[in-house]
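This report refers to the structure that appears directly beneath it.
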Amino acid sequence: MYRRFAQVDAAKISPLYERIALALSESDEALSAIEAVPARKRNPALILAALHHLALTGQAPTLATAYKAVAASPASTDSAVTTNVHGATDAAIQTLVEMTEAVIALVAHRKVRPNPAGNHAVLYPAIAEVARRTGASAIGLIDVGCSAGFNLNVDRAAITYGNEQTLGDPSSPVQVSASVVGDRAIPSHAVPEVVARIGIDLEPIDTRDADEARWLRACVPPDQPERIARLEGELELVASVPPFLMQGDKVDLLPDALARVPADALPVVTTTWALSDLPLESRLRFLQRLDAAATNRPIAWVSVEGVGVAPAIPTFGDRPASGHSIIGLAVFNHSTLHAEAVGRCWLRGQMLAWLADS
């Protein structure tokens, strides 16, 4: 399991974790320590996050020093990089062996948090466009499957596209870039005033809790300075304007969330790869909840989901599991629904093609 993680998963994201995971797979002492962990908690990414957490909290100072050396070494010589990675690998094994009980205690109530960075580059133009189409001067954002709520600060990020377009706040601590496919420009409309920021998740992450924020940091490999900087920027934005987080079923909580948006603002519900884990029945119920709430005012839904996942959103005739996602806009108003596919995106929104008239 650890060898495969090194060769397949870590190889794509972290040279440091690739080396550490491989070394763990070859160390009898390390494997014995891992076997002391409950079987369902032996996930390599989880164990590595626990080790990083021990380093961040100062409980493993040798490992912390080694990780800092690796983080500072990309601009150094190749020999320095090799030396620092080797030192961090040894320190990780030593920490795991000597602090097995601390690792077990950590992973007992934790799970790996995938990089929860906001999907700002793909959401911003879609939200601005649906607000323009409905004539909204103020909106309330409701992010379904919100994780740490970073999507709720989409209007406060700085976004640069490969065609040199920019959107958002250029002074933002969150600097995002994305490439553009095709000749059509990304709409340049601005997101109007956001008067409510509401997140729904089965297990929302409240980053006002210092330990929760630290665990998010621990889940990012220490040799990924760009991802670390992005996370710190996202945490800064959330700290300055904390969202209202609701814990529970994505569909059941929708009516309550929509009711929290002021009457003079357009509720804009966003889903970014949040519906794929729901059965079709639940996705249709999600659609029905939006429709039922649009009795007295319009409700907007911006979806970024795999081909065919978002009900009622056209797919350009694309086949499911095509490797890209569809950007959809839907407006519910009384008994009418207008749904349109406005673009495609790849790589979790790092590359997009806008295909609709704006």
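Naming scheme: A, B, ... for chains in displayed order of the structure tokens; residues 1 onward per chain; ligands 1 onward as shown.
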Can you tell me which residues surround Asp9 (chain A) at a distance of at most 12 Å, considering only C-alpha atoms, apart from same-chain residues fewer than 5 positions away, and format the answer as a tab-separated table (two decimals) with all heavy atoms, in the first residue's frame?
chain	number	residue	atom	x	y	z
A	1	MET	N	0.83	-1.20	0.00
A	1	MET	CA	0.00	0.00	0.00
A	1	MET	C	0.87	1.26	0.00
A	1	MET	O	0.62	2.21	-0.76
A	1	MET	CB	-0.93	0.00	1.21
A	1	MET	CG	-1.83	1.22	1.32
A	1	MET	SD	-3.14	1.06	2.56
A	1	MET	CE	-2.17	0.84	4.05
A	2	TYR	N	1.90	1.28	0.79
A	2	TYR	CA	2.77	2.45	0.86
A	2	TYR	C	3.63	2.58	-0.39
A	2	TYR	O	3.89	3.70	-0.87
A	2	TYR	CB	3.63	2.40	2.13
A	2	TYR	CG	2.88	2.93	3.33
A	2	TYR	CD1	1.89	2.16	3.93
A	2	TYR	CD2	3.12	4.19	3.83
A	2	TYR	CE1	1.16	2.64	5.00
A	2	TYR	CE2	2.41	4.69	4.91
A	2	TYR	CZ	1.42	3.90	5.49
A	2	TYR	OH	0.70	4.39	6.54
A	3	ARG	N	4.04	1.46	-0.94
A	3	ARG	CA	4.82	1.52	-2.18
A	3	ARG	C	3.95	2.05	-3.31
A	3	ARG	O	4.39	2.89	-4.11
A	3	ARG	CB	5.38	0.14	-2.53
A	3	ARG	CG	6.35	0.14	-3.71
A	3	ARG	CD	6.89	-1.25	-4.00
A	3	ARG	NE	7.62	-1.79	-2.84
A	3	ARG	CZ	7.21	-2.83	-2.11
A	3	ARG	NH1	6.08	-3.45	-2.44
A	3	ARG	NH2	7.93	-3.26	-1.11
A	4	ARG	N	2.72	1.58	-3.37
A	4	ARG	CA	1.82	2.06	-4.42
A	4	ARG	C	1.52	3.55	-4.24
A	4	ARG	O	1.47	4.30	-5.22
A	4	ARG	CB	0.52	1.26	-4.41
A	4	ARG	CG	-0.50	1.75	-5.43
A	4	ARG	CD	-1.76	0.89	-5.47
A	4	ARG	NE	-2.77	1.47	-6.33
A	4	ARG	CZ	-2.74	1.43	-7.67
A	4	ARG	NH1	-1.74	0.81	-8.30
A	4	ARG	NH2	-3.70	1.99	-8.38
A	14	SER	N	3.92	15.28	-4.67
A	14	SER	CA	4.94	15.62	-3.68
A	14	SER	C	6.15	14.70	-3.79
A	14	SER	O	6.09	13.55	-3.35
A	14	SER	CB	4.35	15.54	-2.26
A	14	SER	OG	5.38	15.65	-1.28
A	15	PRO	N	7.27	15.19	-4.32
A	15	PRO	CA	8.49	14.38	-4.35
A	15	PRO	C	8.92	13.94	-2.96
A	15	PRO	O	9.45	12.84	-2.79
A	15	PRO	CB	9.52	15.32	-4.99
A	15	PRO	CG	8.71	16.27	-5.80
A	15	PRO	CD	7.44	16.47	-5.02
A	16	LEU	N	8.69	14.81	-1.96
A	16	LEU	CA	9.07	14.46	-0.60
A	16	LEU	C	8.25	13.28	-0.10
A	16	LEU	O	8.80	12.31	0.43
A	16	LEU	CB	8.87	15.66	0.33
A	16	LEU	CG	9.08	15.40	1.83
A	16	LEU	CD1	10.51	14.96	2.10
A	16	LEU	CD2	8.70	16.61	2.66
A	17	TYR	N	6.94	13.33	-0.26
A	17	TYR	CA	6.10	12.23	0.21
A	17	TYR	C	6.32	10.96	-0.61
A	17	TYR	O	6.16	9.85	-0.09
A	17	TYR	CB	4.63	12.65	0.16
A	17	TYR	CG	4.19	13.42	1.39
A	17	TYR	CD1	5.12	13.86	2.34
A	17	TYR	CD2	2.85	13.74	1.60
A	17	TYR	CE1	4.71	14.57	3.46
A	17	TYR	CE2	2.43	14.44	2.72
A	17	TYR	CZ	3.37	14.85	3.65
A	17	TYR	OH	2.97	15.54	4.76
A	18	GLU	N	6.70	11.11	-1.85
A	18	GLU	CA	7.03	9.94	-2.66
A	18	GLU	C	8.22	9.21	-2.02
A	18	GLU	O	8.21	7.99	-1.87
A	18	GLU	CB	7.38	10.37	-4.08
A	18	GLU	CG	7.78	9.23	-4.99
A	18	GLU	CD	8.20	9.70	-6.37
A	18	GLU	OE1	8.33	10.93	-6.58
A	18	GLU	OE2	8.41	8.84	-7.26
A	19	ARG	N	9.22	9.99	-1.63
A	19	ARG	CA	10.43	9.38	-1.03
A	19	ARG	C	10.13	8.81	0.35
A	19	ARG	O	10.58	7.71	0.69
A	19	ARG	CB	11.54	10.42	-0.95
A	19	ARG	CG	12.85	9.88	-0.40
A	19	ARG	CD	13.49	8.90	-1.37
A	19	ARG	NE	14.58	8.15	-0.75
A	19	ARG	CZ	14.44	6.97	-0.16
A	19	ARG	NH1	13.25	6.40	-0.08
A	19	ARG	NH2	15.49	6.37	0.35
A	21	ALA	N	7.21	7.80	1.65
A	21	ALA	CA	6.33	6.63	1.58
A	21	ALA	C	7.10	5.40	1.12
A	21	ALA	O	6.89	4.29	1.64
A	21	ALA	CB	5.16	6.90	0.63
A	22	LEU	N	8.00	5.58	0.17
A	22	LEU	CA	8.80	4.45	-0.29
A	22	LEU	C	9.72	3.96	0.82
A	22	LEU	O	9.86	2.74	1.04
A	22	LEU	CB	9.63	4.86	-1.52
A	22	LEU	CG	10.37	3.74	-2.23
A	22	LEU	CD1	9.41	2.69	-2.76
A	22	LEU	CD2	11.22	4.30	-3.38
A	43	ASN	N	-4.02	4.42	6.15
A	43	ASN	CA	-3.90	5.16	4.90
A	43	ASN	C	-2.62	5.99	4.90
A	43	ASN	O	-2.39	6.79	5.81
A	43	ASN	CB	-5.14	6.07	4.76
A	43	ASN	CG	-5.08	6.97	3.56
A	43	ASN	OD1	-4.12	7.00	2.81
A	43	ASN	ND2	-6.14	7.74	3.38
A	44	PRO	N	-1.75	5.85	3.90
A	44	PRO	CA	-0.49	6.59	3.89
A	44	PRO	C	-0.67	8.10	4.01
A	44	PRO	O	0.06	8.77	4.75
A	44	PRO	CB	0.13	6.22	2.54
A	44	PRO	CG	-0.43	4.88	2.23
A	44	PRO	CD	-1.83	4.89	2.77
A	45	ALA	N	-1.65	8.65	3.30
A	45	ALA	CA	-1.86	10.10	3.36
A	45	ALA	C	-2.25	10.54	4.77
A	45	ALA	O	-1.85	11.62	5.22
A	45	ALA	CB	-2.94	10.51	2.36
Under the rule of at most 10 Å, produce a per-residue listing of region 248-333 of chain A near region 179-201 of chain A: chain, number, name, the closest pair of atoms, and the distance in Å, as CSV, using only C-alpha atoms.
residue,atom,partner,partner_atom,distance
A:Gly248,CA,A:Asp201,CA,5.9
A:Asp249,CA,A:Asp201,CA,6.9
A:Lys250,CA,A:Ile200,CA,6.1
A:Val251,CA,A:Ile200,CA,9.1
A:Asp252,CA,A:Ile200,CA,9.9
A:Leu253,CA,A:Ile200,CA,7.3
A:Leu254,CA,A:Ile200,CA,8.0
A:Ala257,CA,A:Ile198,CA,6.8
A:Leu258,CA,A:Ile198,CA,8.9
A:Arg260,CA,A:Ala196,CA,7.8
A:Val261,CA,A:Ala196,CA,6.0
A:Pro262,CA,A:Val195,CA,7.6
A:Asp264,CA,A:Val195,CA,9.8
A:Ala265,CA,A:Val195,CA,7.4
A:Leu266,CA,A:Val194,CA,9.5
A:Pro267,CA,A:Ala196,CA,8.7
A:Val268,CA,A:Arg197,CA,9.9
A:Val269,CA,A:Ile198,CA,9.4
A:Thr270,CA,A:Gly199,CA,9.6
A:Ala274,CA,A:Asp201,CA,9.5
Grab the residues selected above and save them as a short mmCIF file (atom, residue, chain, number, x, y, z; two decimals), in the first residue's frame with N, CA and C atoms.
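File produced: selection-v3.cif:
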data_model
loop_
_atom_site.label_atom_id
_atom_site.label_comp_id
_atom_site.auth_asym_id
_atom_site.auth_seq_id
_atom_site.Cartn_x
_atom_site.Cartn_y
_atom_site.Cartn_z
N GLY A 248 -25.16 19.04 8.17
CA GLY A 248 -26.26 18.11 7.95
C GLY A 248 -26.37 17.72 6.49
N ASP A 249 -27.49 17.14 6.15
CA ASP A 249 -27.73 16.64 4.79
C ASP A 249 -27.79 17.79 3.79
N LYS A 250 -27.11 17.60 2.64
CA LYS A 250 -27.02 18.65 1.63
C LYS A 250 -28.39 19.09 1.13
N VAL A 251 -29.28 18.14 0.97
CA VAL A 251 -30.60 18.42 0.41
C VAL A 251 -31.56 18.93 1.48
N ASP A 252 -31.58 18.28 2.62
CA ASP A 252 -32.55 18.62 3.66
C ASP A 252 -32.37 20.04 4.20
N LEU A 253 -31.12 20.53 4.22
CA LEU A 253 -30.87 21.85 4.80
C LEU A 253 -31.06 23.00 3.82
N LEU A 254 -31.30 22.67 2.56
CA LEU A 254 -31.43 23.73 1.55
C LEU A 254 -32.51 24.75 1.88
N ALA A 257 -31.32 27.13 4.52
CA ALA A 257 -30.25 27.99 4.03
C ALA A 257 -30.80 29.09 3.14
N LEU A 258 -31.71 28.74 2.25
CA LEU A 258 -32.30 29.73 1.35
C LEU A 258 -33.07 30.79 2.13
N ARG A 260 -32.34 32.02 4.87
CA ARG A 260 -31.42 32.92 5.57
C ARG A 260 -30.88 34.03 4.66
N VAL A 261 -31.15 33.96 3.37
CA VAL A 261 -30.71 35.01 2.46
C VAL A 261 -31.72 36.14 2.51
N PRO A 262 -31.30 37.38 2.72
CA PRO A 262 -32.24 38.50 2.79
C PRO A 262 -33.16 38.56 1.57
N ASP A 264 -34.20 40.86 -0.31
CA ASP A 264 -33.86 41.72 -1.45
C ASP A 264 -32.60 41.25 -2.18
N ALA A 265 -32.11 40.06 -1.86
CA ALA A 265 -30.91 39.53 -2.51
C ALA A 265 -31.25 38.24 -3.25
N LEU A 266 -30.51 37.96 -4.31
CA LEU A 266 -30.70 36.73 -5.09
C LEU A 266 -29.94 35.59 -4.42
N PRO A 267 -30.62 34.54 -3.99
CA PRO A 267 -29.87 33.37 -3.48
C PRO A 267 -29.18 32.66 -4.65
N VAL A 268 -27.89 32.45 -4.52
CA VAL A 268 -27.12 31.72 -5.54
C VAL A 268 -26.54 30.48 -4.87
N VAL A 269 -27.07 29.33 -5.22
CA VAL A 269 -26.59 28.06 -4.70
C VAL A 269 -25.47 27.57 -5.61
N THR A 270 -24.37 27.14 -5.03
CA THR A 270 -23.25 26.62 -5.82
C THR A 270 -22.96 25.18 -5.43
N ALA A 274 -20.15 18.36 -5.89
CA ALA A 274 -20.79 18.03 -4.61
C ALA A 274 -21.94 17.07 -4.77
#
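When CA of Glu305 (chain A) is paired with CA of Ala239 (chain A), their separation reads 28.1 Å.
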Closest of A:Val302, A:Leu152, A:Ile142, A:Ala88 to Leu48 (chain A) - atom-to-atom distances counting only C-alpha atoms: A:Ala88
Strand (DSSP E or B) call set, DSSP backbone run, region 62-255 of chain A, as a count of residues only: 33
I'd like the contact shell of Ile13 (chain A) - 12 Å cut-off, only C-alpha atoms, skipping same-chain residues fewer than 4 positions apart - returned as a short mmCIF file (atom, residue, chain, number, x, y, z; two decimals) with N, CA, C and O atoms, in the first residue's frame.
data_model
loop_
_atom_site.label_atom_id
_atom_site.label_comp_id
_atom_site.auth_asym_id
_atom_site.auth_seq_id
_atom_site.Cartn_x
_atom_site.Cartn_y
_atom_site.Cartn_z
N PHE A 5 1.31 3.98 -3.02
CA PHE A 5 1.07 5.40 -2.76
C PHE A 5 2.25 6.23 -3.27
O PHE A 5 2.07 7.28 -3.89
N ALA A 6 3.47 5.75 -3.01
CA ALA A 6 4.67 6.47 -3.46
C ALA A 6 4.72 6.55 -4.97
O ALA A 6 5.00 7.61 -5.54
N GLN A 7 4.45 5.45 -5.62
CA GLN A 7 4.61 5.38 -7.07
C GLN A 7 3.47 6.01 -7.84
O GLN A 7 3.69 6.50 -8.96
N VAL A 8 2.27 6.02 -7.28
CA VAL A 8 1.10 6.48 -8.02
C VAL A 8 0.59 7.83 -7.52
O VAL A 8 0.48 8.79 -8.28
N ASP A 9 0.29 7.91 -6.22
CA ASP A 9 -0.35 9.12 -5.69
C ASP A 9 0.66 10.23 -5.39
O ASP A 9 0.54 11.34 -5.90
N TYR A 17 6.94 13.33 -0.26
CA TYR A 17 6.10 12.23 0.21
C TYR A 17 6.32 10.96 -0.61
O TYR A 17 6.16 9.85 -0.09
N GLU A 18 6.70 11.11 -1.85
CA GLU A 18 7.03 9.94 -2.66
C GLU A 18 8.22 9.21 -2.02
O GLU A 18 8.21 7.99 -1.87
N ARG A 19 9.22 9.99 -1.63
CA ARG A 19 10.43 9.38 -1.03
C ARG A 19 10.13 8.81 0.35
O ARG A 19 10.58 7.71 0.69
N ALA A 45 -1.65 8.65 3.30
CA ALA A 45 -1.86 10.10 3.36
C ALA A 45 -2.25 10.54 4.77
O ALA A 45 -1.85 11.62 5.22
N ASN A 115 -7.22 18.95 -0.52
CA ASN A 115 -7.00 20.39 -0.63
C ASN A 115 -8.34 21.11 -0.83
O ASN A 115 -8.98 20.97 -1.87
N VAL A 220 -1.43 19.27 3.83
CA VAL A 220 -0.69 19.74 2.66
C VAL A 220 0.77 19.34 2.83
O VAL A 220 1.39 19.68 3.84
N PRO A 221 1.37 18.63 1.88
CA PRO A 221 2.78 18.24 2.01
C PRO A 221 3.67 19.47 2.20
O PRO A 221 3.45 20.51 1.56
N PRO A 222 4.67 19.37 3.05
CA PRO A 222 5.50 20.54 3.37
C PRO A 222 6.38 21.02 2.21
O PRO A 222 6.97 22.10 2.29
N ASP A 223 6.50 20.23 1.15
CA ASP A 223 7.31 20.66 0.00
C ASP A 223 6.46 21.27 -1.11
O ASP A 223 6.89 21.35 -2.25
N GLN A 224 5.25 21.75 -0.75
CA GLN A 224 4.36 22.37 -1.73
C GLN A 224 4.09 23.83 -1.34
O GLN A 224 3.01 24.17 -0.85
N PRO A 225 5.07 24.72 -1.53
CA PRO A 225 4.93 26.11 -1.05
C PRO A 225 3.76 26.86 -1.69
O PRO A 225 3.12 27.68 -1.02
N GLU A 226 3.44 26.60 -2.96
CA GLU A 226 2.34 27.30 -3.59
C GLU A 226 1.00 26.90 -2.98
O GLU A 226 0.14 27.75 -2.73
N ARG A 227 0.82 25.60 -2.72
CA ARG A 227 -0.42 25.14 -2.09
C ARG A 227 -0.52 25.66 -0.66
O ARG A 227 -1.61 26.03 -0.20
#
Residues near Ala121 (chain A), cut-off 7 Å, only C-alpha atoms, skip fewer than 4 positions along chain, as a PyMOL selection string: chain A and resi 159+176+178+349
Include N, CA, C and O atoms and write out the residues we just selected as a CSV table (one decimal), in the first residue's frame.
chain,number,residue,atom,x,y,z
A,159,ILE,N,-8.2,36.7,-9.5
A,159,ILE,CA,-8.1,35.6,-10.5
A,159,ILE,C,-7.5,36.1,-11.8
A,159,ILE,O,-7.9,37.2,-12.3
A,176,VAL,N,-5.2,33.4,-7.8
A,176,VAL,CA,-5.6,32.2,-8.5
A,176,VAL,C,-5.3,32.4,-10.0
A,176,VAL,O,-5.5,33.5,-10.5
A,178,ALA,N,-5.8,30.4,-14.0
A,178,ALA,CA,-6.5,29.3,-14.7
A,178,ALA,C,-6.2,29.6,-16.2
A,178,ALA,O,-6.1,30.8,-16.6
A,349,GLY,N,-11.2,22.9,-12.4
A,349,GLY,CA,-11.4,24.3,-12.7
A,349,GLY,C,-10.1,25.1,-13.0
A,349,GLY,O,-10.2,26.3,-13.2
Residue neighbourhood Trp301 (chain A), 9 Å, only C-alpha atoms, exclusion window fewer than 6 positions, as a PyMOL selection string: chain A and resi 127+130+267-271+290+328-332+339
Please produce a file of those selected residues containing N, CA, C and O atoms, as a PDB file, in the first residue's frame.
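Result written to part_35.pdb:
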ATOM      1  N   ILE A 127     -21.129  32.943 -11.476  1.00  0.00           N
ATOM      2  CA  ILE A 127     -21.958  33.648 -10.504  1.00  0.00           C
ATOM      3  C   ILE A 127     -22.278  35.059 -11.002  1.00  0.00           C
ATOM      4  O   ILE A 127     -23.423  35.535 -10.923  1.00  0.00           O
ATOM      5  N   VAL A 130     -24.939  34.822 -13.853  1.00  0.00           N
ATOM      6  CA  VAL A 130     -26.314  34.540 -13.447  1.00  0.00           C
ATOM      7  C   VAL A 130     -26.909  35.734 -12.692  1.00  0.00           C
ATOM      8  O   VAL A 130     -28.115  36.010 -12.797  1.00  0.00           O
ATOM      9  N   PRO A 267     -30.617  34.536  -3.985  1.00  0.00           N
ATOM     10  CA  PRO A 267     -29.874  33.371  -3.480  1.00  0.00           C
ATOM     11  C   PRO A 267     -29.179  32.658  -4.646  1.00  0.00           C
ATOM     12  O   PRO A 267     -29.821  32.332  -5.650  1.00  0.00           O
ATOM     13  N   VAL A 268     -27.887  32.450  -4.523  1.00  0.00           N
ATOM     14  CA  VAL A 268     -27.124  31.723  -5.537  1.00  0.00           C
ATOM     15  C   VAL A 268     -26.535  30.478  -4.874  1.00  0.00           C
ATOM     16  O   VAL A 268     -25.631  30.574  -4.041  1.00  0.00           O
ATOM     17  N   VAL A 269     -27.074  29.331  -5.222  1.00  0.00           N
ATOM     18  CA  VAL A 269     -26.588  28.057  -4.699  1.00  0.00           C
ATOM     19  C   VAL A 269     -25.468  27.570  -5.611  1.00  0.00           C
ATOM     20  O   VAL A 269     -25.598  27.601  -6.838  1.00  0.00           O
ATOM     21  N   THR A 270     -24.367  27.140  -5.032  1.00  0.00           N
ATOM     22  CA  THR A 270     -23.252  26.618  -5.824  1.00  0.00           C
ATOM     23  C   THR A 270     -22.958  25.179  -5.425  1.00  0.00           C
ATOM     24  O   THR A 270     -22.983  24.833  -4.243  1.00  0.00           O
ATOM     25  N   THR A 271     -22.693  24.357  -6.435  1.00  0.00           N
ATOM     26  CA  THR A 271     -22.214  22.995  -6.188  1.00  0.00           C
ATOM     27  C   THR A 271     -21.007  22.763  -7.086  1.00  0.00           C
ATOM     28  O   THR A 271     -21.080  22.965  -8.296  1.00  0.00           O
ATOM     29  N   LEU A 290     -34.998  23.383  -4.785  1.00  0.00           N
ATOM     30  CA  LEU A 290     -34.733  24.699  -5.371  1.00  0.00           C
ATOM     31  C   LEU A 290     -35.993  25.253  -6.019  1.00  0.00           C
ATOM     32  O   LEU A 290     -36.324  26.437  -5.871  1.00  0.00           O
ATOM     33  N   GLY A 328     -22.770  24.844 -15.344  1.00  0.00           N
ATOM     34  CA  GLY A 328     -24.189  25.064 -15.616  1.00  0.00           C
ATOM     35  C   GLY A 328     -24.762  26.232 -14.843  1.00  0.00           C
ATOM     36  O   GLY A 328     -24.337  26.518 -13.722  1.00  0.00           O
ATOM     37  N   LEU A 329     -25.732  26.907 -15.463  1.00  0.00           N
ATOM     38  CA  LEU A 329     -26.488  27.969 -14.800  1.00  0.00           C
ATOM     39  C   LEU A 329     -27.965  27.601 -14.846  1.00  0.00           C
ATOM     40  O   LEU A 329     -28.471  27.188 -15.897  1.00  0.00           O
ATOM     41  N   ALA A 330     -28.645  27.735 -13.742  1.00  0.00           N
ATOM     42  CA  ALA A 330     -30.078  27.480 -13.704  1.00  0.00           C
ATOM     43  C   ALA A 330     -30.746  28.582 -12.883  1.00  0.00           C
ATOM     44  O   ALA A 330     -30.223  28.987 -11.836  1.00  0.00           O
ATOM     45  N   VAL A 331     -31.878  29.064 -13.392  1.00  0.00           N
ATOM     46  CA  VAL A 331     -32.660  30.064 -12.668  1.00  0.00           C
ATOM     47  C   VAL A 331     -34.077  29.534 -12.507  1.00  0.00           C
ATOM     48  O   VAL A 331     -34.762  29.213 -13.491  1.00  0.00           O
ATOM     49  N   PHE A 332     -34.500  29.405 -11.260  1.00  0.00           N
ATOM     50  CA  PHE A 332     -35.854  28.979 -10.920  1.00  0.00           C
ATOM     51  C   PHE A 332     -36.655  30.230 -10.577  1.00  0.00           C
ATOM     52  O   PHE A 332     -36.232  31.035  -9.745  1.00  0.00           O
ATOM     53  N   ALA A 339     -32.435  26.466 -17.625  1.00  0.00           N
ATOM     54  CA  ALA A 339     -31.146  25.832 -17.333  1.00  0.00           C
ATOM     55  C   ALA A 339     -30.296  25.810 -18.597  1.00  0.00           C
ATOM     56  O   ALA A 339     -30.793  25.495 -19.688  1.00  0.00           O
TER      57      ALA A 339
END
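The interatomic distance for the pair CA of Ala229 (chain A) and CA of Leu275 (chain A) works out to 28.6 Å.
Residue nearest Leu96 (chain A) within the list A:Leu167, A:Ala30, A:Ala39, A:Leu337: A:Ala30 [criterion: smallest interatomic distance, only C-alpha atoms].
The space separating CA of Ser32 (chain A) from CA of Arg214 (chain A) comes to 27.5 Å.
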